[in-house]
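Asks: My structure file run35.csv, CSV, C-alpha atoms, is below:
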```csv
chain,number,residue,atom,x,y,z
A,1192,MET,CA,0.0,-25.8,24.1
A,1193,ILE,CA,1.1,-22.2,23.4
A,1194,LYS,CA,-0.9,-19.2,24.6
A,1195,ASN,CA,-2.0,-16.9,21.8
A,1196,GLU,CA,-0.3,-13.9,23.4
A,1197,ASP,CA,3.0,-15.7,23.8
A,1198,ALA,CA,3.0,-16.8,20.1
A,1199,VAL,CA,2.3,-13.3,18.7
A,1200,LYS,CA,4.9,-11.9,21.1
A,1201,ILE,CA,7.7,-14.2,20.0
A,1202,ILE,CA,6.8,-13.7,16.3
A,1203,ASP,CA,6.7,-9.9,16.7
A,1204,SER,CA,10.0,-9.9,18.5
A,1205,LYS,CA,11.6,-11.6,15.5
A,1206,ARG,CA,10.0,-9.5,12.8
A,1207,ASN,CA,13.1,-7.3,12.0
A,1208,GLY,CA,11.3,-5.2,9.4
A,1209,SER,CA,8.9,-8.0,8.2
A,1210,LEU,CA,5.3,-7.3,7.2
A,1211,ILE,CA,2.7,-9.2,9.3
A,1212,VAL,CA,-0.7,-10.2,8.1
A,1213,PRO,CA,-2.7,-11.3,11.1
A,1214,THR,CA,-6.3,-12.6,11.1
A,1215,MET,CA,-8.9,-14.0,13.6
A,1216,ASN,CA,-7.4,-14.8,17.1
A,1217,ALA,CA,-3.9,-13.7,16.0
A,1218,ASN,CA,-5.5,-10.3,15.3
A,1219,ASN,CA,-7.6,-10.2,18.5
A,1220,VAL,CA,-7.5,-6.8,20.1
A,1221,SER,CA,-7.2,-8.3,23.6
A,1222,PHE,CA,-4.7,-11.1,23.1
A,1223,GLY,CA,-3.5,-10.9,19.5
A,1224,LEU,CA,-0.8,-9.0,17.6
A,1225,PRO,CA,-2.4,-5.6,18.2
A,1226,THR,CA,-1.6,-5.9,21.9
A,1227,VAL,CA,2.2,-6.5,21.3
A,1228,THR,CA,3.1,-5.2,17.9
A,1229,SER,CA,6.3,-3.2,17.8
A,1230,ALA,CA,5.8,-2.0,14.2
A,1231,GLN,CA,2.1,-1.3,13.7
A,1232,ASP,CA,2.9,0.5,10.4
A,1233,PHE,CA,4.1,-2.8,9.0
A,1234,ASP,CA,1.0,-4.8,10.0
A,1235,LEU,CA,-1.8,-5.5,7.6
A,1236,PRO,CA,-4.7,-7.0,9.6
A,1237,LEU,CA,-7.5,-8.8,7.8
A,1238,SER,CA,-11.0,-9.1,9.4
A,1239,GLY,CA,-13.3,-9.0,6.4
A,1240,ALA,CA,-12.9,-11.5,3.5
A,1241,MET,CA,-12.8,-14.3,6.0
A,1242,SER,CA,-10.1,-17.0,5.3
A,1243,LYS,CA,-8.1,-14.9,2.8
A,1244,ALA,CA,-5.1,-13.9,5.0
A,1245,SER,CA,-2.8,-16.4,3.2
A,1246,SER,CA,-3.9,-15.2,-0.2
A,1247,LEU,CA,-3.4,-11.6,0.9
A,1248,GLY,CA,0.0,-12.5,2.2
A,1249,LEU,CA,0.9,-14.2,-1.0
A,1250,GLY,CA,0.1,-11.1,-3.0
A,1251,LEU,CA,2.1,-8.9,-0.6
A,1252,ALA,CA,5.1,-11.3,-0.7
A,1253,LEU,CA,5.1,-11.3,-4.5
A,1254,ALA,CA,5.0,-7.5,-4.5
A,1255,GLN,CA,7.7,-7.1,-1.9
A,1256,PRO,CA,10.2,-9.9,-2.6
A,1257,ASP,CA,13.0,-8.3,-0.6
A,1258,ARG,CA,11.0,-8.2,2.7
A,1259,LYS,CA,9.8,-11.1,4.7
A,1260,VAL,CA,6.0,-11.5,5.0
A,1261,PHE,CA,4.5,-13.4,8.0
A,1262,VAL,CA,0.9,-14.6,7.7
A,1263,LEU,CA,-0.7,-15.4,11.0
A,1264,ASP,CA,-3.6,-17.6,10.0
A,1265,GLY,CA,-6.3,-19.5,11.9
A,1266,ASP,CA,-7.2,-23.2,11.5
A,1267,GLY,CA,-10.8,-22.5,10.7
A,1268,SER,CA,-9.8,-19.8,8.3
A,1269,LEU,CA,-7.4,-22.0,6.4
A,1270,LEU,CA,-10.0,-24.7,6.2
A,1271,MET,CA,-12.2,-22.3,4.2
A,1272,ASN,CA,-9.4,-21.5,1.8
A,1273,LEU,CA,-7.5,-24.8,1.7
A,1274,GLY,CA,-6.6,-24.5,-2.0
A,1275,ALA,CA,-4.5,-21.5,-1.1
A,1276,LEU,CA,-1.8,-23.9,0.2
A,1277,VAL,CA,-1.4,-25.2,-3.4
A,1278,THR,CA,-1.7,-21.7,-4.9
A,1279,LEU,CA,0.9,-20.4,-2.6
A,1280,ALA,CA,3.3,-23.3,-3.0
A,1281,ASN,CA,3.0,-23.0,-6.8
A,1282,LYS,CA,4.2,-19.4,-6.8
A,1283,ALA,CA,6.7,-20.3,-4.1
A,1284,PRO,CA,7.7,-16.9,-2.6
A,1285,LYS,CA,11.0,-17.4,-0.8
A,1286,ASN,CA,10.0,-14.6,1.7
A,1287,LEU,CA,6.7,-16.0,2.9
A,1288,TYR,CA,6.2,-17.5,6.4
A,1289,HIS,CA,2.8,-19.0,7.0
A,1290,PHE,CA,2.0,-19.5,10.7
A,1291,LEU,CA,-1.1,-21.5,11.5
A,1292,PHE,CA,-2.6,-20.9,14.9
A,1293,ASN,CA,-4.3,-24.2,15.5
A,1294,ASN,CA,-6.7,-24.1,18.5
A,1295,GLY,CA,-9.2,-26.6,17.1
A,1296,VAL,CA,-12.2,-24.4,17.4
A,1297,TYR,CA,-14.1,-21.5,15.9
A,1298,ALA,CA,-13.0,-19.3,18.7
A,1299,VAL,CA,-14.8,-16.1,17.6
A,1300,THR,CA,-18.2,-17.7,17.4
A,1301,GLY,CA,-18.3,-19.4,20.8
A,1302,GLY,CA,-15.8,-22.3,20.5
A,1303,GLN,CA,-17.5,-24.9,18.3
A,1304,PRO,CA,-15.0,-27.5,17.1
A,1305,ILE,CA,-13.7,-27.1,13.6
A,1306,PRO,CA,-14.2,-30.1,11.2
A,1307,GLY,CA,-11.4,-32.6,11.7
A,1308,ALA,CA,-10.2,-31.0,15.0
A,1309,GLY,CA,-7.4,-33.2,16.4
A,1310,GLN,CA,-7.4,-35.4,13.4
A,1311,SER,CA,-6.3,-33.3,10.4
A,1312,ASP,CA,-2.6,-33.4,9.6
A,1313,TRP,CA,-1.8,-29.8,8.9
A,1314,GLU,CA,2.0,-30.3,8.5
A,1315,GLY,CA,1.3,-33.2,6.1
A,1316,MET,CA,-1.1,-31.0,4.0
A,1317,ALA,CA,1.5,-28.2,3.7
A,1318,LYS,CA,4.2,-30.7,2.8
A,1319,ALA,CA,2.0,-32.3,0.2
A,1320,ALA,CA,1.0,-28.9,-1.2
A,1321,GLY,CA,4.7,-28.2,-1.9
A,1322,TYR,CA,5.9,-25.8,0.9
A,1323,ALA,CA,9.7,-25.6,0.9
A,1324,ALA,CA,9.9,-26.2,4.7
A,1325,VAL,CA,7.4,-27.2,7.4
A,1326,PHE,CA,7.8,-26.8,11.2
A,1327,SER,CA,5.5,-27.7,14.1
A,1328,PHE,CA,5.6,-26.4,17.7
A,1329,GLU,CA,3.5,-27.8,20.6
A,1330,ASP,CA,4.9,-25.7,23.5
A,1331,LEU,CA,6.4,-22.2,24.1
A,1332,GLU,CA,9.9,-23.5,25.0
A,1333,ASP,CA,10.3,-25.2,21.7
A,1334,LEU,CA,8.9,-22.3,19.8
A,1335,THR,CA,11.3,-19.9,21.6
A,1336,THR,CA,14.4,-22.0,20.8
A,1337,GLY,CA,13.2,-23.0,17.2
A,1338,ILE,CA,12.0,-19.7,15.8
A,1339,ASP,CA,15.4,-18.6,14.5
A,1340,GLN,CA,15.8,-21.8,12.5
A,1341,VAL,CA,12.3,-21.2,11.1
A,1342,LEU,CA,13.1,-17.7,9.9
A,1343,ALA,CA,16.5,-18.9,8.5
A,1344,ALA,CA,14.7,-21.3,6.2
A,1345,GLU,CA,13.9,-20.3,2.6
A,1346,GLY,CA,10.2,-20.0,1.9
A,1347,PRO,CA,7.5,-20.7,1.5
A,1348,VAL,CA,7.6,-22.0,5.1
A,1349,PHE,CA,4.6,-23.4,7.0
A,1350,ILE,CA,4.7,-23.2,10.8
A,1351,HIS,CA,2.1,-25.2,12.7
A,1352,LEU,CA,1.5,-23.9,16.3
A,1353,ALA,CA,-0.7,-25.8,18.8
A,1354,VAL,CA,-2.4,-22.9,20.5
A,1355,GLU,CA,-4.8,-22.8,23.5
A,1356,PRO,CA,-8.3,-21.9,22.5
A,1357,GLN,CA,-9.4,-18.5,23.8
A,1358,VAL,CA,-13.1,-18.2,23.0
A,1359,GLU,CA,-15.3,-15.2,22.6
A,1360,ASN,CA,-19.0,-15.2,23.0
A,1361,THR,CA,-19.7,-11.5,22.7
A,1362,PRO,CA,-21.6,-10.5,19.6
A,1363,VAL,CA,-19.4,-8.8,17.1
A,1364,GLN,CA,-21.0,-5.3,17.5
A,1365,TYR,CA,-20.2,-5.3,21.2
A,1366,ARG,CA,-16.5,-6.3,21.0
A,1367,PRO,CA,-13.7,-3.7,21.4
A,1368,ARG,CA,-12.7,-2.2,18.2
A,1369,PRO,CA,-9.0,-2.0,17.1
A,1370,SER,CA,-7.3,1.3,17.4
A,1371,ARG,CA,-6.2,1.0,13.7
A,1372,SER,CA,-8.8,-0.2,11.2
A,1373,VAL,CA,-8.2,-2.5,8.3
A,1374,GLN,CA,-9.1,0.4,6.0
A,1375,GLN,CA,-6.5,2.6,7.7
A,1376,ALA,CA,-3.8,-0.1,7.4
A,1377,PHE,CA,-4.5,-0.5,3.6
A,1378,ARG,CA,-4.4,3.2,3.2
A,1379,GLU,CA,-1.1,3.7,5.1
A,1380,LEU,CA,1.0,0.7,4.2
A,1381,PRO,CA,1.8,1.8,0.7
A,1382,LEU,CA,3.0,5.1,2.1
A,1383,THR,CA,5.1,3.3,4.7
A,1384,LEU,CA,6.6,1.1,2.0
A,1385,GLY,CA,7.2,4.1,-0.3
A,1386,VAL,CA,5.2,2.6,-3.2
A,1387,LYS,CA,2.6,5.3,-3.4
B,98,MET,CA,-21.4,-14.6,-49.7
B,99,THR,CA,-19.7,-14.8,-46.4
B,100,THR,CA,-19.5,-12.1,-43.7
B,101,GLN,CA,-16.5,-11.5,-41.5
B,102,GLU,CA,-17.5,-12.1,-37.9
B,103,ALA,CA,-16.1,-9.7,-35.4
B,104,VAL,CA,-13.9,-11.4,-32.8
B,105,LEU,CA,-12.0,-10.6,-29.7
B,106,HIS,CA,-8.4,-11.7,-30.0
B,107,PRO,CA,-6.1,-12.1,-27.0
B,108,PRO,CA,-3.4,-9.7,-28.3
B,109,ALA,CA,-6.0,-6.9,-28.3
B,110,VAL,CA,-6.6,-7.5,-24.6
B,111,ILE,CA,-3.0,-8.1,-23.6
B,112,SER,CA,-2.0,-4.9,-25.5
B,113,GLU,CA,-4.4,-2.9,-23.3
B,114,LEU,CA,-2.9,-4.5,-20.1
B,115,VAL,CA,0.7,-3.8,-21.2
B,116,LYS,CA,-0.1,-0.3,-22.3
B,117,ASN,CA,-1.5,0.5,-18.8
B,118,ASN,CA,1.5,-1.0,-17.0
B,119,VAL,CA,-0.5,-3.9,-15.5
B,120,THR,CA,2.0,-6.1,-13.7
B,121,HIS,CA,0.1,-9.2,-12.7
B,122,VAL,CA,-2.9,-11.2,-14.0
B,123,VAL,CA,-4.5,-13.2,-11.2
B,124,TRP,CA,-6.7,-15.8,-12.8
B,125,LEU,CA,-8.5,-19.1,-13.0
B,126,PRO,CA,-9.0,-20.4,-16.5
B,127,ASP,CA,-12.5,-20.7,-17.9
B,128,SER,CA,-13.7,-22.3,-21.1
B,129,GLU,CA,-13.3,-19.2,-23.1
B,130,THR,CA,-9.8,-18.2,-22.2
B,131,ASN,CA,-7.3,-20.9,-23.4
B,132,PHE,CA,-6.0,-18.7,-26.3
B,133,MET,CA,-5.5,-16.0,-23.7
B,134,TYR,CA,-3.5,-18.3,-21.4
B,135,GLN,CA,-1.0,-19.1,-24.2
B,136,LEU,CA,-0.3,-15.5,-24.9
B,137,LEU,CA,-0.2,-14.4,-21.2
B,138,THR,CA,2.5,-16.9,-20.4
B,139,ALA,CA,4.5,-15.6,-23.3
B,140,GLU,CA,4.3,-11.9,-22.3
B,141,PRO,CA,7.3,-11.1,-20.2
B,142,SER,CA,5.9,-7.9,-18.6
B,143,LEU,CA,3.0,-9.8,-17.1
B,144,ASP,CA,3.3,-12.2,-14.2
B,145,LEU,CA,0.5,-14.9,-14.2
B,146,VAL,CA,-0.8,-15.9,-10.8
B,147,PRO,CA,-3.0,-19.0,-11.1
B,148,VAL,CA,-5.4,-19.9,-8.3
B,149,CYS,CA,-7.4,-22.9,-7.2
B,150,ARG,CA,-10.7,-21.0,-6.5
B,151,GLU,CA,-11.7,-17.5,-7.6
B,152,GLY,CA,-12.2,-15.9,-4.2
B,153,GLU,CA,-8.4,-16.1,-3.8
B,154,THR,CA,-7.9,-13.8,-6.7
B,155,MET,CA,-9.4,-10.7,-4.9
B,156,ALA,CA,-7.1,-11.2,-1.9
B,157,ILE,CA,-4.0,-11.9,-3.9
B,158,ALA,CA,-4.7,-8.8,-6.0
B,159,ALA,CA,-5.2,-6.7,-2.8
B,160,GLY,CA,-1.8,-7.8,-1.5
B,161,LEU,CA,-0.1,-7.0,-4.8
B,162,TRP,CA,-1.8,-3.6,-4.9
B,163,VAL,CA,-1.0,-2.6,-1.3
B,164,GLY,CA,2.6,-3.8,-2.0
B,165,GLY,CA,2.9,-1.4,-5.0
B,166,LYS,CA,2.0,-3.5,-8.0
B,167,LYS,CA,-0.9,-3.1,-10.5
B,168,PRO,CA,-2.8,-6.4,-10.9
B,169,VAL,CA,-6.0,-7.3,-12.7
B,170,VAL,CA,-8.2,-10.3,-12.0
B,171,LEU,CA,-9.3,-12.6,-14.9
B,172,ILE,CA,-12.1,-15.1,-14.0
B,173,GLN,CA,-15.5,-16.3,-15.2
B,174,ASN,CA,-18.8,-14.8,-14.0
B,175,THR,CA,-19.4,-18.1,-12.1
B,176,GLY,CA,-16.3,-17.2,-10.1
B,177,ILE,CA,-17.7,-13.8,-9.2
B,178,PHE,CA,-20.5,-15.5,-7.3
B,179,GLU,CA,-18.0,-17.5,-5.4
B,180,SER,CA,-15.9,-14.4,-4.7
B,181,GLY,CA,-18.6,-12.4,-3.0
B,182,ASP,CA,-17.2,-12.0,0.5
B,183,SER,CA,-13.8,-11.2,-0.8
B,184,ILE,CA,-15.1,-8.5,-3.2
B,185,ARG,CA,-17.1,-7.1,-0.2
B,186,GLY,CA,-14.5,-7.4,2.5
B,187,LEU,CA,-11.5,-6.3,0.3
B,188,GLY,CA,-12.2,-4.6,-3.0
B,189,LEU,CA,-15.1,-2.6,-1.8
B,190,ASP,CA,-14.3,-2.1,1.9
B,191,ILE,CA,-10.6,-1.1,1.3
B,192,ASN,CA,-11.4,1.1,-1.8
B,193,GLN,CA,-9.2,-0.9,-4.1
B,194,PRO,CA,-8.8,0.3,-7.7
B,195,LEU,CA,-9.2,-3.2,-9.1
B,196,VAL,CA,-10.2,-4.1,-12.6
B,197,MET,CA,-11.9,-7.5,-12.9
B,198,LEU,CA,-12.0,-9.0,-16.4
B,199,ILE,CA,-15.0,-11.4,-16.2
B,200,GLY,CA,-15.8,-14.1,-18.8
B,201,TYR,CA,-19.5,-13.5,-19.5
B,202,ARG,CA,-20.6,-17.2,-19.7
B,203,GLY,CA,-24.1,-17.4,-21.3
B,204,TRP,CA,-24.1,-13.9,-22.8
B,205,SER,CA,-26.0,-13.6,-26.0
B,206,ARG,CA,-27.5,-10.7,-28.0
B,207,HIS,CA,-29.9,-13.2,-29.6
B,208,GLY,CA,-32.9,-15.1,-28.2
B,209,VAL,CA,-33.4,-15.8,-24.6
B,210,THR,CA,-30.5,-16.3,-22.2
B,211,THR,CA,-31.2,-19.3,-20.1
B,212,ASP,CA,-27.8,-19.6,-18.3
B,213,SER,CA,-28.3,-18.2,-14.8
B,214,ALA,CA,-24.6,-17.3,-14.7
B,215,ALA,CA,-25.5,-14.7,-17.4
B,216,ARG,CA,-28.9,-13.7,-16.0
B,217,PHE,CA,-27.6,-12.8,-12.6
B,218,ILE,CA,-24.2,-11.3,-13.1
B,219,GLU,CA,-25.2,-7.7,-14.0
B,220,HIS,CA,-27.7,-7.6,-11.2
B,221,ILE,CA,-25.0,-8.6,-8.8
B,222,LEU,CA,-22.7,-5.9,-10.0
B,223,HIS,CA,-25.5,-3.4,-9.8
B,224,ALA,CA,-26.2,-4.5,-6.2
B,225,TRP,CA,-22.5,-3.9,-5.2
B,226,GLY,CA,-22.4,-0.6,-7.0
B,227,ILE,CA,-19.7,-1.8,-9.3
B,228,ASN,CA,-19.6,-0.2,-12.7
B,229,TYR,CA,-18.9,-2.4,-15.8
B,230,TYR,CA,-18.1,-2.3,-19.5
B,231,LEU,CA,-18.8,-5.0,-22.1
B,232,ILE,CA,-16.2,-6.0,-24.7
B,233,GLU,CA,-17.0,-8.4,-27.6
B,234,THR,CA,-14.5,-7.5,-30.3
B,235,ASP,CA,-11.1,-6.1,-30.8
B,236,GLU,CA,-12.6,-2.7,-31.4
B,237,ASP,CA,-14.1,-2.8,-27.8
B,238,ALA,CA,-10.8,-3.6,-26.2
B,239,GLY,CA,-10.1,0.1,-25.5
B,240,ARG,CA,-12.7,-0.1,-22.8
B,241,ILE,CA,-10.2,-1.9,-20.7
B,242,SER,CA,-8.1,1.3,-20.6
B,243,ILE,CA,-11.3,3.2,-19.7
B,244,ALA,CA,-12.0,0.7,-16.8
B,245,LEU,CA,-8.4,1.0,-15.5
B,246,GLU,CA,-8.5,4.7,-15.6
B,247,GLU,CA,-11.9,4.8,-13.8
B,248,ALA,CA,-10.8,2.3,-11.1
B,249,GLU,CA,-7.8,4.5,-10.4
B,250,ARG,CA,-9.8,7.8,-10.4
B,251,THR,CA,-12.7,6.4,-8.2
B,252,GLN,CA,-10.5,4.1,-6.1
B,253,LYS,CA,-13.1,1.4,-6.6
B,254,PRO,CA,-13.4,-2.0,-8.4
B,255,VAL,CA,-14.6,-1.8,-12.0
B,256,ALA,CA,-15.6,-4.8,-14.1
B,257,VAL,CA,-15.1,-5.6,-17.8
B,258,LEU,CA,-17.5,-8.3,-19.0
B,259,VAL,CA,-15.9,-10.3,-21.8
B,260,GLY,CA,-19.0,-11.2,-23.8
B,261,THR,CA,-17.4,-13.6,-26.3
B,262,GLU,CA,-15.0,-16.4,-26.7
B,263,PHE,CA,-11.5,-15.4,-27.6
B,264,GLY,CA,-10.7,-16.0,-31.2
B,265,ALA,CA,-7.6,-17.9,-32.3
```
As structure tokens, please, write out the structure in this file.

Replies:
Amino acid sequence: MIKNEDAVKIIDSKRNGSLIVPTMNANNVSFGLPTVTSAQDFDLPLSGAMSKASSLGLGLALAQPDRKVFVLDGDGSLLMNLGALVTLANKAPKNLYHFLFNNGVYAVTGGQPIPGAGQSDWEGMAKAAGYAAVFSFEDLEDLTTGIDQVLAAEGPVFIHLAVEPQVENTPVQYRPRPSRSVQQAFRELPLTLGVK
Amino acid sequence: MTTQEAVLHPPAVISELVKNNVTHVVWLPDSETNFMYQLLTAEPSLDLVPVCREGETMAIAAGLWVGGKKPVVLIQNTGIFESGDSIRGLGLDINQPLVMLIGYRGWSRHGVTTDSAARFIEHILHAWGINYYLIETDEDAGRISIALEEAERTQKPVAVLVGTEFGA
């Protein structure tokens, strides 16, 4: 299995101007993208509207077709918005890379198993929905050597990552806050992109 | 003697969208909008983004907007109930100037409205502090422009309730 920190670090190191939409554990302020990001101005974190990171990323990819968009999704999140796989494959943005951080649990609510943990075939679902390419990585070494091939593929690409569960039990109001809020990111990204 | 019934035709709605430089219509069809679908797919300046469930529309529209486009959402009032957390967590929390065209299932000016989709929708919009306009005929279609201007000026979602079936 891959550590959450290692996954976001490798993805960030390969961004090369890409926009990243992280949610849930991939957006955790202690071990997610905010701890390693090299281009915070190009990050669009999502914490409200639970499960909608893939939909948000689809809109962003359609609006910015000349720039790659990485969605860093959670397995529990995607379960809540499973139809988005078909919606996304139907519009088929060539610039969208949908990373699924599969840790098998609801990590931000104490670690309860998600429905179908260890049984659901995520790669099969993405293939059947119509993604142009599907990859899966179980360990850090394979991800490190395979990431260039992933990003050379034409989208929409689905990348399944087997990730170690890192569970939080602290009530939401007592958790550390991100240095850059979701509201701030939405306010600033259009300026960064020069579209406002 | 026959009377001419006032009707809302899709070209009146699409004309408003085109006039205001709307780029995308993010939608899920409802029973009232098939005529609209046929014309939307034929309009080259509008990109149609079909979804599987209405909550997706708010997030897709947010991504389009932050990326520099000007989307509207077109769904039924039943879909607004399903979209609650996305409207809260995106449209309202990020101050998105989003116009939501909402099919007003169950709406009637006559008798008692028994459809709960109609009875609850305006209360829900009031609770969220979302202003709304009603359109029922071609003459009302200009309220879409008013809603688009208001959304931009206030940086908030604004609803347009489509209180009739589209005419052929």

Asks: Just to confirm, what's the straight-line distance from CA of Leu1237 in chain A to CA of Glu1329 in chain A in Å (one decimal)?

Replies: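 Rounded to one decimal, the two atoms are 25.4 Å apart.
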
Asks: Return as a Markdown table the residues of chain B lying at most 8 Å from chain A, together with the closest atom-to-atom pair for each and the distance in Å to one decimal, counting all atoms listed in the file, with rows in chain order and ascending residue number.

Replies:
```
| residue | atom | partner | partner_atom | distance |
| --- | --- | --- | --- | --- |
| B:Val146 | CA | A:Lys1282 | CA | 7.3 |
| B:Pro147 | CA | A:Thr1278 | CA | 6.9 |
| B:Val148 | CA | A:Thr1278 | CA | 5.3 |
| B:Cys149 | CA | A:Gly1274 | CA | 5.5 |
| B:Arg150 | CA | A:Gly1274 | CA | 7.0 |
| B:Glu153 | CA | A:Ser1246 | CA | 5.8 |
| B:Thr154 | CA | A:Ser1246 | CA | 7.8 |
| B:Ala156 | CA | A:Leu1247 | CA | 4.7 |
| B:Ile157 | CA | A:Gly1250 | CA | 4.3 |
| B:Ala158 | CA | A:Gly1250 | CA | 6.1 |
| B:Ala159 | CA | A:Leu1247 | CA | 6.4 |
| B:Gly160 | CA | A:Gly1250 | CA | 4.1 |
| B:Leu161 | CA | A:Gly1250 | CA | 4.5 |
| B:Trp162 | CA | A:Ala1254 | CA | 7.8 |
| B:Val163 | CA | A:Pro1381 | CA | 5.6 |
| B:Gly164 | CA | A:Ala1254 | CA | 5.1 |
| B:Gly165 | CA | A:Val1386 | CA | 5.0 |
| B:Lys166 | CA | A:Ala1254 | CA | 6.1 |
| B:Asp182 | CA | A:Ala1240 | CA | 5.3 |
| B:Ser183 | CA | A:Ala1240 | CA | 4.4 |
| B:Ile184 | CA | A:Ala1240 | CA | 7.7 |
| B:Arg185 | CA | A:Ala1240 | CA | 7.1 |
| B:Gly186 | CA | A:Gly1239 | CA | 4.4 |
| B:Leu187 | CA | A:Ala1240 | CA | 6.3 |
| B:Asp190 | CA | A:Gln1374 | CA | 7.1 |
| B:Ile191 | CA | A:Gln1374 | CA | 5.2 |
```

Asks: Could you give me, as a PyMOL selection string, the residues within 10 Å of His1289 in chain A, counting only C-alpha atoms and dropping anything in the same chain fewer than 2 positions from it?

Replies: chain A and resi 1212+1244-1245+1248-1249+1260-1264+1276+1279+1286-1287+1291-1292+1317+1322+1325+1346-1351

Asks: Hey, can you check how far CA of Leu189 in chain B sits from CA of Leu258 in chain B?

Replies: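 A separation of 18.3 Å between them.
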
Asks: Determine the nearest neighbour of Val122 in chain B from the options B:Leu137, B:Val257, B:Ile221, B:Ile241, counting only C-alpha atoms.

Replies: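 Using only C-alpha atoms, Val122 in chain B sits closest to B:Leu137.
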
Asks: To one decimal place in Å, what is the distance between CA of Leu195 in chain B and CA of Val170 in chain B?

Replies: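 Separating CA of Leu195 in chain B from CA of Val170 in chain B is a distance of 7.7 Å.
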
Asks: Quick one: of B:Met133, B:Pro168, B:Val255, B:Thr210, who's nearest to His106 in chain B, counting all atoms listed in the file?

Replies: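 Smallest separation from His106 in chain B among the options: B:Met133.
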
Asks: Taking 4 positions as the minimum chain separation for residues in the same chain, which residues sit within 9 Å of range 1299-1303 of chain A when counting only C-alpha atoms? Answer as number ranges by chain.

Replies: A: 1215-1216, 1295, 1356-1363

Asks: Go through B:Phe132, B:Glu246, B:Asn192, B:Met155 one by one, measure the shortest atom-to-atom distance of each to Leu105 in chain B using only C-alpha atoms, and give the residue with the smallest value.

Replies: B:Phe132

Asks: May I have the residues within 9 Å of Ser1204 in chain A as an NGL selection string, using only C-alpha atoms and disregarding those fewer than 5 positions away in the same chain?

Replies: :A and (1199 or 1227-1229)

Asks: Those residues with C-alpha atoms, as a PDB file, in the coordinates of the input please?

Replies:
```pdb
ATOM      1  CA  VAL A1199       2.300 -13.300  18.700  1.00  0.00           C
ATOM      2  CA  VAL A1227       2.200  -6.500  21.300  1.00  0.00           C
ATOM      3  CA  THR A1228       3.100  -5.200  17.900  1.00  0.00           C
ATOM      4  CA  SER A1229       6.300  -3.200  17.800  1.00  0.00           C
TER       5      SER A1229
END
```

Asks: If I put a ball of radius 7 Å at (-21.9, -7.7, -15.7) in the file's coordinates, which residues poke into it when counting all atoms listed in the file, written as a CSV table (one decimal) with C-alpha atoms, keeping the file's coordinate frame?

Replies:
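Heads up, here's the output in part18.csv:
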```csv
chain,number,residue,atom,x,y,z
B,218,ILE,CA,-24.2,-11.3,-13.1
B,219,GLU,CA,-25.2,-7.7,-14.0
B,222,LEU,CA,-22.7,-5.9,-10.0
B,229,TYR,CA,-18.9,-2.4,-15.8
B,258,LEU,CA,-17.5,-8.3,-19.0
```

Asks: Could you list, as a PyMOL selection string, every residue within 9 Å of range 173-176 of chain B, counting only C-alpha atoms and ignoring same-chain residues fewer than 6 positions away?

Replies: chain B and resi 125-129+150-152+198-202+214-215+218+258-259

Asks: Smallest atom-to-atom distance to Pro1236 in chain A: which of A:Ala1298, A:Val1220, A:Ala1353, A:Ile1211, using only C-alpha atoms?

Replies: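 Of A:Ala1298, A:Val1220, A:Ala1353, A:Ile1211, the one nearest Pro1236 in chain A, counting only C-alpha atoms, is A:Ile1211.
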
Asks: Under the rule that all atoms listed in the file are counted, which of A:Ala1323, A:Gln1364, A:Pro1304, A:Met1192 is the nearest residue to Ala1344 in chain A?

Replies: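 With all atoms listed in the file as the atom set, the closest residue is A:Ala1323.
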
Asks: Using all atoms listed in the file, find the one residue out of A:Ser1327, A:Asn1218, A:Val1354, A:Ala1308 that sits nearest to Asn1195 in chain A.

Replies: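 Counting all atoms listed in the file, the residue closest to Asn1195 in chain A is A:Val1354.
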
Asks: Write out as a count of residues only which residues come within 6 Å of Asp1330 in chain A when counting all atoms listed in the file, dropping same-chain ones fewer than 2 positions away.

Replies: 5
